[in-house]
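Have a look at the structure below before the remarks.
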Protein chains: 6
Amino acid sequence: MTDSNLGRPPAQKPFRRILLTGAAGNLGRQLRGALAAWADVVRVTDIAPLGEVAAHEEASIVDLADEAAVHALLEGVDAVVHLGGISVEAPFEDLLEANIRGLYNLYSAAQKQGVRRIVYASSNHAVGFHPTTSVVDIDAPLRPDSLYGVTKCFGESLSRYYFDRFGLETVCLRIGSSFEQPKNPRMLVTYLSFRDFIELVRCSLFTNRVGHAIVYGVSDNRTKWVDNTKAAFLGFRPQDSSVEFEHLFPVTAPTAELDDPTQRFQGGAFVLAGPMEPRR
Amino acid sequence: MTDSNLGRPPAQKPFRRILLTGAAGNLGRQLRGALAAWADVVRVTDIAPLGEVAAHEEASIVDLADEAAVHALLEGVDAVVHLGGISVEAPFEDLLEANIRGLYNLYSAAQKQGVRRIVYASSNHAVGFHPTTSVVDIDAPLRPDSLYGVTKCFGESLSRYYFDRFGLETVCLRIGSSFEQPKNPRMLVTYLSFRDFIELVRCSLFTNRVGHAIVYGVSDNRTKWVDNTKAAFLGFRPQDSSVEFEHLFPVTAPTAELDDPTQRFQGGAFVLAGPMEPRR
Amino acid sequence: MTDSNLGRPPAQKPFRRILLTGAAGNLGRQLRGALAAWADVVRVTDIAPLGEVAAHEEASIVDLADEAAVHALLEGVDAVVHLGGISVEAPFEDLLEANIRGLYNLYSAAQKQGVRRIVYASSNHAVGFHPTTSVVDIDAPLRPDSLYGVTKCFGESLSRYYFDRFGLETVCLRIGSSFEQPKNPRMLVTYLSFRDFIELVRCSLFTNRVGHAIVYGVSDNRTKWVDNTKAAFLGFRPQDSSVEFEHLFPVTAPTAELDDPTQRFQGGAFVLAGPMEPRR
Amino acid sequence: MTDSNLGRPPAQKPFRRILLTGAAGNLGRQLRGALAAWADVVRVTDIAPLGEVAAHEEASIVDLADEAAVHALLEGVDAVVHLGGISVEAPFEDLLEANIRGLYNLYSAAQKQGVRRIVYASSNHAVGFHPTTSVVDIDAPLRPDSLYGVTKCFGESLSRYYFDRFGLETVCLRIGSSFEQPKNPRMLVTYLSFRDFIELVRCSLFTNRVGHAIVYGVSDNRTKWVDNTKAAFLGFRPQDSSVEFEHLFPVTAPTAELDDPTQRFQGGAFVLAGPMEPRR
Amino acid sequence: MTDSNLGRPPAQKPFRRILLTGAAGNLGRQLRGALAAWADVVRVTDIAPLGEVAAHEEASIVDLADEAAVHALLEGVDAVVHLGGISVEAPFEDLLEANIRGLYNLYSAAQKQGVRRIVYASSNHAVGFHPTTSVVDIDAPLRPDSLYGVTKCFGESLSRYYFDRFGLETVCLRIGSSFEQPKNPRMLVTYLSFRDFIELVRCSLFTNRVGHAIVYGVSDNRTKWVDNTKAAFLGFRPQDSSVEFEHLFPVTAPTAELDDPTQRFQGGAFVLAGPMEPRR
Amino acid sequence: MTDSNLGRPPAQKPFRRILLTGAAGNLGRQLRGALAAWADVVRVTDIAPLGEVAAHEEASIVDLADEAAVHALLEGVDAVVHLGGISVEAPFEDLLEANIRGLYNLYSAAQKQGVRRIVYASSNHAVGFHPTTSVVDIDAPLRPDSLYGVTKCFGESLSRYYFDRFGLETVCLRIGSSFEQPKNPRMLVTYLSFRDFIELVRCSLFTNRVGHAIVYGVSDNRTKWVDNTKAAFLGFRPQDSSVEFEHLFPVTAPTAELDDPTQRFQGGAFVLAGPMEPRR
């Protein structure tokens with residue numbers, strides 16, 4: 001990583017340098033291009049290969065659990081979009097390193113480097129044990145549906161602390177299912193189009209003040225399990241809907257399995273996925 | 001009624017057999033055709049003549065207060081849309097037979113026959129004594145505006161019990177005013193188009209899990225007295241509005257009758273309609 | 001029943017005539033004596049024998065399902081304490097007659113006779129399907145735990161209607177377990193001493209205005225499942241507690257039966273008691 | 001002012017005579033024309049010159065602090081749209097005369113003259129000390145951001161009293177920023193188009209019953225700090241949005257001034273504007 | 001008024017100088033002695049004669065509407081207990097001078113003089129139009145029952161503004177009926193013993209931080225219309241109760257006047273007392 | 001550790017074997033004796049020396065971060081009282097091992113061993129960034145005041161997951177300040193007497209069902225920042241109060257430091273204690 005840009009003239013774009021973690025992942029790849037319009041320099045990082053690096057980009061392979069590397073990574077950064085870490089159920093030891101130790105490293109470094117804002121990829125799995133027969137707003141009690149979800153709750157608490165303690169702002173995005181298209185009927189409810197995902201990040205970066213905010217990342221789907229009314233100060237108004245994909249999942253009578261937890265709870269299959277055995 | 005279909009091969013449509021009560025009524029007639037697309041067999045019933053019976057239909061005249069007949073009626077049924085009973089203010093004795101005894105018979109039989117879900121025509125008259133200067137959500141305290149409304153409260157309680165006790169799911173539709181068009185200014189607020197009514201039933205039948213749900217049945221009218229936010233898991237998004245009928249009721253200054261209960265309360269004329277004397 | 005007192009001089013006691021239904025029952029026998037201090041005439045009624053009739057009493061055997069008899073019963077009455085009807089799970093047909101038809105008869109007659117207030121024995125079984133790991137206040141959603149509980153919900157709705165429609169006031173007492181002493185560990189939570197029961201009726205009769213009120217009838221027991229904060233305008237402050245009976249139930253480790261509904265829900269054994277088969 | 005219209009035949013328009021105060025101001029000039037369609041006579045008043053007076057208008061220059069003049073002003077009036085008084089921060093003495101004494105004069109006269117409804121221009125500055133990282137509904141606690149805002153709270157309390165005491169209805173419009181176009185980034189959030197403002201007044205005048213209502217006056221802007229859900233009974237559905245003006249304010253990174261009150265609170269610059277020294 | 005104490009050595013008592021307004025009134029006379037223990041100097045003021053002045057006291061007759069006099073009055077003051085102004089319904093002009101202009105003068109001067117805290121005698125009449133069949137907490141919507149009550153709402157808004165704007169803390173005491181003993185049955189509910197009143201002021205002065213707080217001033221009476229749960233951070237635990245005075249008001253049946261506003265609303269006779277004609 | 005008791009006859013005490021972690025700490029030493037009455041075997045553990053081991057005790061030194069040791073520790077255990085881990089602000093690395101990895105080990109092992117219930121020492125520092133001018137109930141949003149507090153939030157989320165996923169019950173005790181006596185004025189609010197602490201554990205162990213419960217551990221102090229109303233199903237009724245210690249902290253005027261975070265927030269000095277540098 002080079003800091004050759006650190007002494008250059010005033011920025012022409014709104015942000016001077018945005019850090020994108022998890023840049024090689026599913027959502028990171030979507031966002032990487034969009035960031036070019038918002039920052040003079042886009043610093044991208046991941047533990048996986050990052051592909052071709054554009055002129056406005058700085059790329060580095062960093063393990064978030066590596067404290068020193070993370071502190072170096074945050075130098076000269078205005079804002080962070082943190083998509084890094086593990087985003088599925090995994091053995092606790094792995095989650096501990098990536099999503100707990102890694103997140104602490106990120107916040108500790110961000111605070112020391114004077115970063116003003118972090119957009120944090122939390123997840124609807126932080127509240128996935130709420131029933132599918134309810135609608136949760138952003139104040140709903142935490143109900144993680146997996147050890148992964150527990151680490152997302154940790155991230156929301158840790159970022160809350162850094163805001164209350166140091167004024168470091170965070171928007172926690174409780175992202176649903178952001179893929180090209182829904183892969184099963186449940187994702188008709190949790191679908192977040194790539195376009196709406198990018199818009200959500202844009203709102204999170206550019207809203208003048210966000211404090212410590214929580215917002216659900218879902219498109220304007222027909223069926224809703226979540227309610228963003230209290231997050232309306234972020235200005236997120238999704239433009240897409242999973243309605244166009246409903247034909248992929250032919251209409252059926254409701255399942256009769258009243259006790260099937262993957263149907264009873266918003267988290268779907270996650271509620272049964274863990275805890276996973278360590279890989280040793 | 002014949003059960004000749006009971007042994008046939010797996011259904012081609014989502015439901016094998018749906019029972020529609022009140023099939024000869026105002027809303028029953030609207031829904032009857034739509035059900036054909038959703039069930040192999042549509043069993044229709046009423047105490048009034050049912051007209052021509054289609055090939056996919058089974059028709060029978062049944063008094064809901066007749067316990068044995070109702071138990072027979074529920075045989076082989078997957079799901080019920082219950083529009084039967086009395087839907088206006090009436091002498092208590094009549095309401096008792098149709099809406100209380102009749103409803104118990106229906107639920108008792110449905111539970112014994114293994115029915116999984118009932119869509120129950122409740123009414124906004126279960127909450128009609130809320131003022132017209134308020135907006136009620138689905139958790140608002142019950143405020144029946146008539147003995148009819150009291151029986152709808154009974155139905156919501158009874159169906160709640162059958163869900164908590166046996167897992168028999170119900171969606172209680174608090175239907176407003178579902179006619180070709182609004183008949184008076186109040187109905188501009190309570191109007192539910194036939195198309196939106198059918199869509200509401202569709203959502204109620206096909207949402208994977210509904211538990212015991214309550215939802216207001218109104219179109220997307222300009223003025224709202226009700227708020228379905230917490231029922232968004234049903235996916236009901238009305239497409240129609242009473243705006244197109246506003247020209248029927250020329251603009252006037254507000255009435256000066258501050259104490260007129262039919263203007264003060266959401267139930268309108270129902271709040272003064274009862275109790276009615278028995279017909280003897 | 002005689003109405004020989006109807007033309008007599010102004011009352012010396014607060015009430016001229018109070019009607020007590022269910023006077024031969026468990027709680028009726030407790031209350032009957034106390035009423036003497038509050039009304040010149042205490043009209044007592046039941047379907048069971050009423051024992052010796054005091055000078056200030058009027059006694060009559062009346063089936064609440066007998067409309068004409070109930071209308072006669074209400075003549076000249078200022079206020080009613082309605083303990084009559086069935087207070088346990090029973091076949092629906094029996095509940096229908098006693099708790100639904102009978103209650104309608106009572107309210108219909110009371111309204112016609114100009115009665116100002118009814119103290120109605122509702123029950124905690126109207127909300128018995130709330131979990132034992134929660135505390136319900138008087139606005140909690142109805143969750144009847146039995147057909148009996150459903151009829152108590154009916155009574156709360158019917159009395160609400162008579163208040164909103166006619167101004168006839170009711171206090172709904174959601175009585176817990178009012179016996180000499182708790183009979184099992186659950187009753188340590190739901191215990192209402194006879195003394196506190198009488199005080200609760202006193203508050204309900206003498207508070208200047210009650211509108212349509214709901215209040216839980218429990219003593220100041222150590223463990224609480226209910227919260228009367230919003231009913232504090234009634235002035236009910238229990239003096240007794242089940243603490244003195246805790247020694248009757250030796251301390252044990254919690255039961256391991258996580259799925260035992262009688263332990264999971266506040267209604268206890270009621271949640272499994274019904275529906276009962278008719279006695280035919 | 002002439003009352004030559006007082007004895008004329010029944011009105012052809014919904015209202016016979018509407019009084020518009022503050023008719024010479026920014027919003028008064030917008031509304032003045034629209035009122036012609038709704039009332040036979042539009043009585044316009046201000047302390048500033050009122051320009052040309054149309055045939056259907058009655059014009060008079062009145063200081064609201066002049067009790068006798070205000071009582072004369074209200075004669076023969078059906079309804080009032082009260083935009084008069086001071087609408088920015090000002091020395092307390094000035095606010096006292098215009099917004100406190102003046103408002104009392106208006107309500108006192110309106111009640112004596114039998115006026116049925118007042119549409120009162122309150123302000124979002126009654127709640128301007130709520131943070132920009134929150135969304136306030138119409139029940140949110142009052143948080144005035146200026147002495148001006150305090151007088152608007154006074155107006156909401158005074159009008160509540162006149163409703164509870166005399167049934168005189170008021171709709172309090174918490175108007176945001178109603179200009180041709182937003183003048184700064186904050187106004188992208190608080191913008192109310194002139195068209196939506198007129199529609200809001202129309203809803204406030206014509207809804208059959210309003211009781212004492214509070215509603216936020218903002219267009220359907222992308223970012224929202226307010227929530228009108230509970231005021232949906234007024235039927236106000238804004239048609240415009242500040243989105244079309246977003247290009248006027250180029251995108252920038254969020255300001256770093258975490259302690260800048262004009263960014264932290266919804267009231268913007270108002271939160272620092274006062275108290276102002278008297279003009280002596 | 002002398003400021004001869006301004007240069008003296010560090011205080012021996014917690015406060016150096018407390019200002020007590022309304023010192024000659026009913027409650028002022030009760031509190032005046034108690035303040036001696038808490039402040040080196042007690043500055044007492046009223047528009048009525050103040051009686052004998054103790055060695056630790058500074059006395060002055062000041063009209064709160066006299067801006068210059070009020071600014072002088074606040075010099076050198078640490079904290080204020082503001083009982084001054086009018087505490088009953090009165091002509092608006094009088095309330096305007098004493099409770100609006102006077103209160104503004106007090107806060108304006110206090111802010112300029114660096115006063116840290118004001119204990120403000122608000123009133124339950126700020127919420128007196130809530131029904132007697134409800135229990136209001138400290139967040140309940142304002143419902144003033146009189147013009148007097150409206151001025152108390154003004155005081156709560158004004159003091160909120162001074163806290164949000166300048167950090168000047170206020171505890172608003174919504175005092176019930178504080179007399180030697182209750183004078184009517186309503187006061188059994190609103191009674192605040194003198195001892196509890198003094199304790200309430202003590203808590204308000206000595207709690208480390210109060211922000212802008214609202215608390216009901218009632219003793220631990222049997223019947224409650226108010227709920228201080230959310231103000232428990234003030235540590236106010238009343239020791240007295242009106243129970244000892246219940247014998248003064250013999251038990252009677254509830255009044256039959258359902259529409260009597262003085263029985264329907266918590267404000268009692270205040271709800272009909274105004275608006276009063278000016279005295280001219 | 002020996003499991004020689006595993007095959008013995010049915011327990012004479014309510015629990016067969018309770019595990020107490022943190023047994024050598026401040027609270028562990030208080031509780032250790034009390035447990036003898038409730039369990040045949042009390043297994044005590046800590047990383048510090050455990051002193052004399054009684055006949056009914058099994059003692060072992062275990063580092064909670066040692067997975068295998070923790071799994072062995074949980075064998076044959078009915079219930080756990082988990083006081084172990086770090087209970088003050090500390091470097092993140094230490095907290096990670098003791099309070100995050102250690103807690104996961106505990107829950108993972110408990111679930112595998114079939115433990116039914118864990119009493120978990122959470123802390124009021126999980127909500128310590130709520131202001132001292134508020135009262136928080138058990139549903140209040142998490143506001144950790146330190147990295148230590150963040151780990152307590154983690155524990156509450158993790159235990160919630162184990163309950164929703166496996167039915168393993170937990171009571172989270174948000175313990176205030178439990179020492180012989182309060183050490184500073186703040187602890188007058190947060191004080192939990194040793195006797196009340198033991199009673200709180202007793203309630204948590206013996207309440208028949210607790211689900212996943214949260215309860216504040218404070219005595220019945222005069223000033224309250226917390227509200228246990230919704231946890232009343234646990235039956236915890238504190239008997240002690242810090243009132244007896246108020247004389248230790250002479251009355252003073254409130255501090256003038258409006259911006260002092262240790263006075264503004266419930267967490268006191270914790271809010272400034274972290275993050276601490278690692279000890280390397």
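Chains: A, B, ... in order of the structure tokens. Residues: from 1 per chain. Ligands: from 1, in order shown.
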Set the cut-off to 6 Å and count only C-alpha atoms: what are the residues of chain E that reach chain D? Output as a PyMOL selection string. chain E and resi 144+150+154+157-158+161
To test your reading of the structure, identify every residue in region 79-275 of chain E that backbone DSSP assigns to alpha helix (DSSP H), and report it as a VMD selection string. chain E and resid 92 to 95 102 to 113 147 to 166 187 to 190 194 to 206 261 to 264 270 to 273
Got a sec to tell me which of region 162-206 of chain B DSSP assigns to strand (DSSP E), as a ChimeraX atom specification? /B:169-175
As a list in words, please: the residues near Lys112 (chain A) (cut-off 12 Å, only C-alpha atoms, same-chain neighbours under 6 positions excluded).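 With the cut-off at 12 Å, the set is Val70, His71, Ala72, Leu73, Leu74, Glu75, Gly76, Val77, Asn105, Leu106, Tyr162, Phe166 and Leu168 of chain A; Pro275 of chain F.
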For the residues selected in the previous step, produce a file with all heavy atoms as an mmCIF file, in the first residue's frame.
data_model
loop_
_atom_site.group_PDB
_atom_site.id
_atom_site.type_symbol
_atom_site.label_atom_id
_atom_site.label_comp_id
_atom_site.auth_asym_id
_atom_site.auth_seq_id
_atom_site.Cartn_x
_atom_site.Cartn_y
_atom_site.Cartn_z
ATOM 1 N N VAL A 70 -3.958 -3.911 10.140
ATOM 2 C CA VAL A 70 -5.211 -3.150 10.100
ATOM 3 C C VAL A 70 -4.952 -1.690 10.450
ATOM 4 O O VAL A 70 -5.506 -0.775 9.825
ATOM 5 C CB VAL A 70 -6.264 -3.775 11.026
ATOM 6 C CG1 VAL A 70 -7.480 -2.874 11.148
ATOM 7 C CG2 VAL A 70 -6.668 -5.152 10.507
ATOM 8 N N HIS A 71 -4.069 -1.454 11.403
ATOM 9 C CA HIS A 71 -3.763 -0.067 11.731
ATOM 10 C C HIS A 71 -3.125 0.637 10.533
ATOM 11 O O HIS A 71 -3.449 1.794 10.242
ATOM 12 C CB HIS A 71 -2.898 0.013 12.992
ATOM 13 C CG HIS A 71 -3.707 -0.117 14.245
ATOM 14 N ND1 HIS A 71 -3.966 0.942 15.087
ATOM 15 C CD2 HIS A 71 -4.345 -1.188 14.795
ATOM 16 C CE1 HIS A 71 -4.714 0.536 16.104
ATOM 17 N NE2 HIS A 71 -4.952 -0.756 15.961
ATOM 18 N N ALA A 72 -2.273 -0.046 9.846
ATOM 19 C CA ALA A 72 -1.674 0.555 8.640
ATOM 20 C C ALA A 72 -2.739 0.804 7.583
ATOM 21 O O ALA A 72 -2.733 1.838 6.892
ATOM 22 C CB ALA A 72 -0.589 -0.369 8.094
ATOM 23 N N LEU A 73 -3.665 -0.122 7.506
ATOM 24 C CA LEU A 73 -4.704 -0.030 6.475
ATOM 25 C C LEU A 73 -5.579 1.210 6.642
ATOM 26 O O LEU A 73 -6.114 1.753 5.679
ATOM 27 C CB LEU A 73 -5.579 -1.289 6.571
ATOM 28 C CG LEU A 73 -6.604 -1.571 5.498
ATOM 29 C CD1 LEU A 73 -5.916 -1.858 4.154
ATOM 30 C CD2 LEU A 73 -7.473 -2.772 5.896
ATOM 31 N N LEU A 74 -5.727 1.657 7.858
ATOM 32 C CA LEU A 74 -6.645 2.769 8.130
ATOM 33 C C LEU A 74 -5.988 4.131 7.982
ATOM 34 O O LEU A 74 -6.688 5.155 8.067
ATOM 35 C CB LEU A 74 -7.234 2.617 9.542
ATOM 36 C CG LEU A 74 -8.522 1.818 9.695
ATOM 37 C CD1 LEU A 74 -9.689 2.571 9.050
ATOM 38 C CD2 LEU A 74 -8.428 0.425 9.133
ATOM 39 N N GLU A 75 -4.725 4.172 7.781
ATOM 40 C CA GLU A 75 -4.057 5.479 7.674
ATOM 41 C C GLU A 75 -4.608 6.288 6.514
ATOM 42 O O GLU A 75 -4.729 5.795 5.398
ATOM 43 C CB GLU A 75 -2.554 5.277 7.463
ATOM 44 C CG GLU A 75 -1.787 5.034 8.735
ATOM 45 C CD GLU A 75 -0.309 4.843 8.432
ATOM 46 O OE1 GLU A 75 0.255 5.716 7.754
ATOM 47 O OE2 GLU A 75 0.237 3.801 8.859
ATOM 48 N N GLY A 76 -4.908 7.522 6.791
ATOM 49 C CA GLY A 76 -5.320 8.439 5.748
ATOM 50 C C GLY A 76 -6.707 8.212 5.207
ATOM 51 O O GLY A 76 -7.090 8.746 4.170
ATOM 52 N N VAL A 77 -7.482 7.428 5.919
ATOM 53 C CA VAL A 77 -8.819 7.069 5.440
ATOM 54 C C VAL A 77 -9.866 8.019 6.032
ATOM 55 O O VAL A 77 -9.819 8.354 7.203
ATOM 56 C CB VAL A 77 -9.126 5.607 5.836
ATOM 57 C CG1 VAL A 77 -10.610 5.302 5.702
ATOM 58 C CG2 VAL A 77 -8.287 4.653 5.000
ATOM 59 N N ASN A 105 -10.098 -4.731 15.813
ATOM 60 C CA ASN A 105 -8.928 -4.111 15.183
ATOM 61 C C ASN A 105 -9.343 -2.946 14.291
ATOM 62 O O ASN A 105 -8.734 -1.877 14.304
ATOM 63 C CB ASN A 105 -8.154 -5.150 14.368
ATOM 64 C CG ASN A 105 -7.386 -6.121 15.256
ATOM 65 O OD1 ASN A 105 -7.150 -5.834 16.438
ATOM 66 N ND2 ASN A 105 -7.013 -7.270 14.714
ATOM 67 N N LEU A 106 -10.390 -3.170 13.532
ATOM 68 C CA LEU A 106 -10.837 -2.130 12.611
ATOM 69 C C LEU A 106 -11.275 -0.873 13.368
ATOM 70 O O LEU A 106 -10.874 0.247 13.034
ATOM 71 C CB LEU A 106 -12.008 -2.660 11.774
ATOM 72 C CG LEU A 106 -12.546 -1.687 10.735
ATOM 73 C CD1 LEU A 106 -11.635 -1.665 9.504
ATOM 74 C CD2 LEU A 106 -13.970 -2.054 10.316
ATOM 75 N N TYR A 162 -18.214 2.749 20.276
ATOM 76 C CA TYR A 162 -17.292 3.718 19.677
ATOM 77 C C TYR A 162 -17.998 5.019 19.316
ATOM 78 O O TYR A 162 -17.366 6.086 19.305
ATOM 79 C CB TYR A 162 -16.565 3.106 18.466
ATOM 80 C CG TYR A 162 -15.308 2.397 18.888
ATOM 81 C CD1 TYR A 162 -15.330 1.057 19.266
ATOM 82 C CD2 TYR A 162 -14.089 3.068 18.980
ATOM 83 C CE1 TYR A 162 -14.185 0.408 19.691
ATOM 84 C CE2 TYR A 162 -12.939 2.429 19.408
ATOM 85 C CZ TYR A 162 -12.988 1.103 19.769
ATOM 86 O OH TYR A 162 -11.849 0.471 20.213
ATOM 87 N N PHE A 166 -16.570 7.973 21.437
ATOM 88 C CA PHE A 166 -15.670 8.817 20.637
ATOM 89 C C PHE A 166 -16.367 9.596 19.520
ATOM 90 O O PHE A 166 -15.721 10.358 18.803
ATOM 91 C CB PHE A 166 -14.574 7.951 19.984
ATOM 92 C CG PHE A 166 -13.676 7.256 20.960
ATOM 93 C CD1 PHE A 166 -13.743 5.880 21.137
ATOM 94 C CD2 PHE A 166 -12.770 7.982 21.735
ATOM 95 C CE1 PHE A 166 -12.908 5.226 22.048
ATOM 96 C CE2 PHE A 166 -11.940 7.332 22.647
ATOM 97 C CZ PHE A 166 -12.010 5.948 22.813
ATOM 98 N N LEU A 168 -17.425 8.363 16.807
ATOM 99 C CA LEU A 168 -17.189 7.691 15.518
ATOM 100 C C LEU A 168 -18.520 7.112 15.026
ATOM 101 O O LEU A 168 -19.082 6.200 15.632
ATOM 102 C CB LEU A 168 -16.144 6.586 15.732
ATOM 103 C CG LEU A 168 -15.877 5.566 14.629
ATOM 104 C CD1 LEU A 168 -15.641 6.195 13.268
ATOM 105 C CD2 LEU A 168 -14.683 4.697 15.007
ATOM 106 N N PRO F 275 -10.980 2.454 25.715
ATOM 107 C CA PRO F 275 -10.302 1.149 25.658
ATOM 108 C C PRO F 275 -8.897 1.240 26.262
ATOM 109 O O PRO F 275 -8.221 2.254 26.137
ATOM 110 C CB PRO F 275 -10.215 0.848 24.153
ATOM 111 C CG PRO F 275 -11.188 1.786 23.498
ATOM 112 C CD PRO F 275 -11.224 2.997 24.369
#
Need the shell around Met187 (chain B): protein/DNA/RNA residues with any atom at most 10 Å away, counting only C-alpha atoms. Skip same-chain ones fewer than 4 positions apart. Format as a ChimeraX atom specification? /B:176-179,181-183,191-192,218,221,242,245,268
Filtering to N, CA, C and O atoms, could you give me those residues as a CSV table (one decimal), in the first residue's frame?
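Saved the output as again-v4.csv:
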chain,number,residue,atom,x,y,z
B,176,GLY,N,-63.4,-3.6,5.4
B,176,GLY,CA,-64.1,-2.4,5.5
B,176,GLY,C,-65.4,-2.5,4.7
B,176,GLY,O,-66.3,-3.3,5.1
B,177,SER,N,-65.5,-1.7,3.6
B,177,SER,CA,-66.8,-1.7,2.8
B,177,SER,C,-66.4,-2.1,1.4
B,177,SER,O,-65.8,-1.4,0.7
B,178,SER,N,-66.8,-3.3,1.1
B,178,SER,CA,-66.4,-3.9,-0.2
B,178,SER,C,-67.6,-4.0,-1.1
B,178,SER,O,-68.4,-5.0,-1.0
B,179,PHE,N,-67.8,-3.0,-1.9
B,179,PHE,CA,-68.9,-3.0,-2.8
B,179,PHE,C,-68.4,-2.5,-4.2
B,179,PHE,O,-67.2,-2.1,-4.3
B,181,GLN,N,-68.8,0.2,-5.5
B,181,GLN,CA,-68.3,1.6,-5.3
B,181,GLN,C,-68.8,2.1,-3.9
B,181,GLN,O,-69.8,1.6,-3.4
B,182,PRO,N,-68.1,3.1,-3.4
B,182,PRO,CA,-68.6,3.6,-2.1
B,182,PRO,C,-70.0,4.2,-2.2
B,182,PRO,O,-70.3,4.8,-3.2
B,183,LYS,N,-70.7,4.0,-1.1
B,183,LYS,CA,-72.1,4.4,-1.1
B,183,LYS,C,-72.3,5.7,-0.4
B,183,LYS,O,-73.4,6.3,-0.4
B,191,TYR,N,-63.5,1.9,1.9
B,191,TYR,CA,-63.6,1.1,0.6
B,191,TYR,C,-62.5,0.1,0.4
B,191,TYR,O,-61.3,0.3,0.6
B,192,LEU,N,-63.0,-1.1,0.1
B,192,LEU,CA,-62.1,-2.2,-0.4
B,192,LEU,C,-62.6,-2.7,-1.7
B,192,LEU,O,-63.7,-3.2,-1.8
B,218,VAL,N,-58.7,-2.8,3.5
B,218,VAL,CA,-59.1,-1.5,2.8
B,218,VAL,C,-58.1,-1.3,1.7
B,218,VAL,O,-57.0,-1.8,1.7
B,221,ASN,N,-56.8,3.9,-0.1
B,221,ASN,CA,-57.6,5.2,-0.2
B,221,ASN,C,-56.8,6.3,0.4
B,221,ASN,O,-55.8,6.2,1.1
B,242,SER,N,-60.1,4.6,-3.5
B,242,SER,CA,-61.4,5.2,-3.6
B,242,SER,C,-61.3,6.6,-4.3
B,242,SER,O,-62.3,7.3,-4.5
B,245,PHE,N,-63.7,7.6,-6.9
B,245,PHE,CA,-65.1,7.8,-6.6
B,245,PHE,C,-65.3,9.1,-5.8
B,245,PHE,O,-66.5,9.4,-5.4
B,268,GLY,N,-69.3,4.4,12.0
B,268,GLY,CA,-70.4,5.1,11.3
B,268,GLY,C,-71.7,4.7,11.8
B,268,GLY,O,-71.9,4.6,13.0
So that I can check the surroundings of Pro14 (chain E), please list as a VMD selection string every protein, DNA and RNA residue that reaches within 8 Å of it, counting only C-alpha atoms and ignoring chain neighbours fewer than 2 positions away. (chain E and resid 11 to 12 16 38 to 40) or (chain F and resid 251 to 253)
Do a neighbour search on Ile198 (chain F) at 9 Å with only C-alpha atoms, toss out local chain neighbours closer than 6 positions, and write the hits as a ChimeraX atom specification. /F:30-31,34
Would you pick out the contacts of Asp259 (chain F) at 12 Å or less, using only C-alpha atoms, so that residues sharing its chain but fewer than 6 positions from it are not included, and give the list as a PyMOL selection string? (chain E and resi 166-167+209+211) or (chain F and resi 131+265)
How about saving the chosen residues, C-alpha atoms kept, as an mmCIF file, in the first residue's frame?
data_model
loop_
_atom_site.group_PDB
_atom_site.id
_atom_site.type_symbol
_atom_site.label_atom_id
_atom_site.label_comp_id
_atom_site.auth_asym_id
_atom_site.auth_seq_id
_atom_site.Cartn_x
_atom_site.Cartn_y
_atom_site.Cartn_z
ATOM 1 C CA PHE E 166 -27.974 26.374 27.423
ATOM 2 C CA GLY E 167 -27.887 23.347 29.712
ATOM 3 C CA ARG E 209 -28.067 15.619 37.368
ATOM 4 C CA GLY E 211 -31.545 17.484 32.845
ATOM 5 C CA PRO F 131 -28.041 8.944 30.828
ATOM 6 C CA PHE F 265 -24.120 8.438 32.135
#
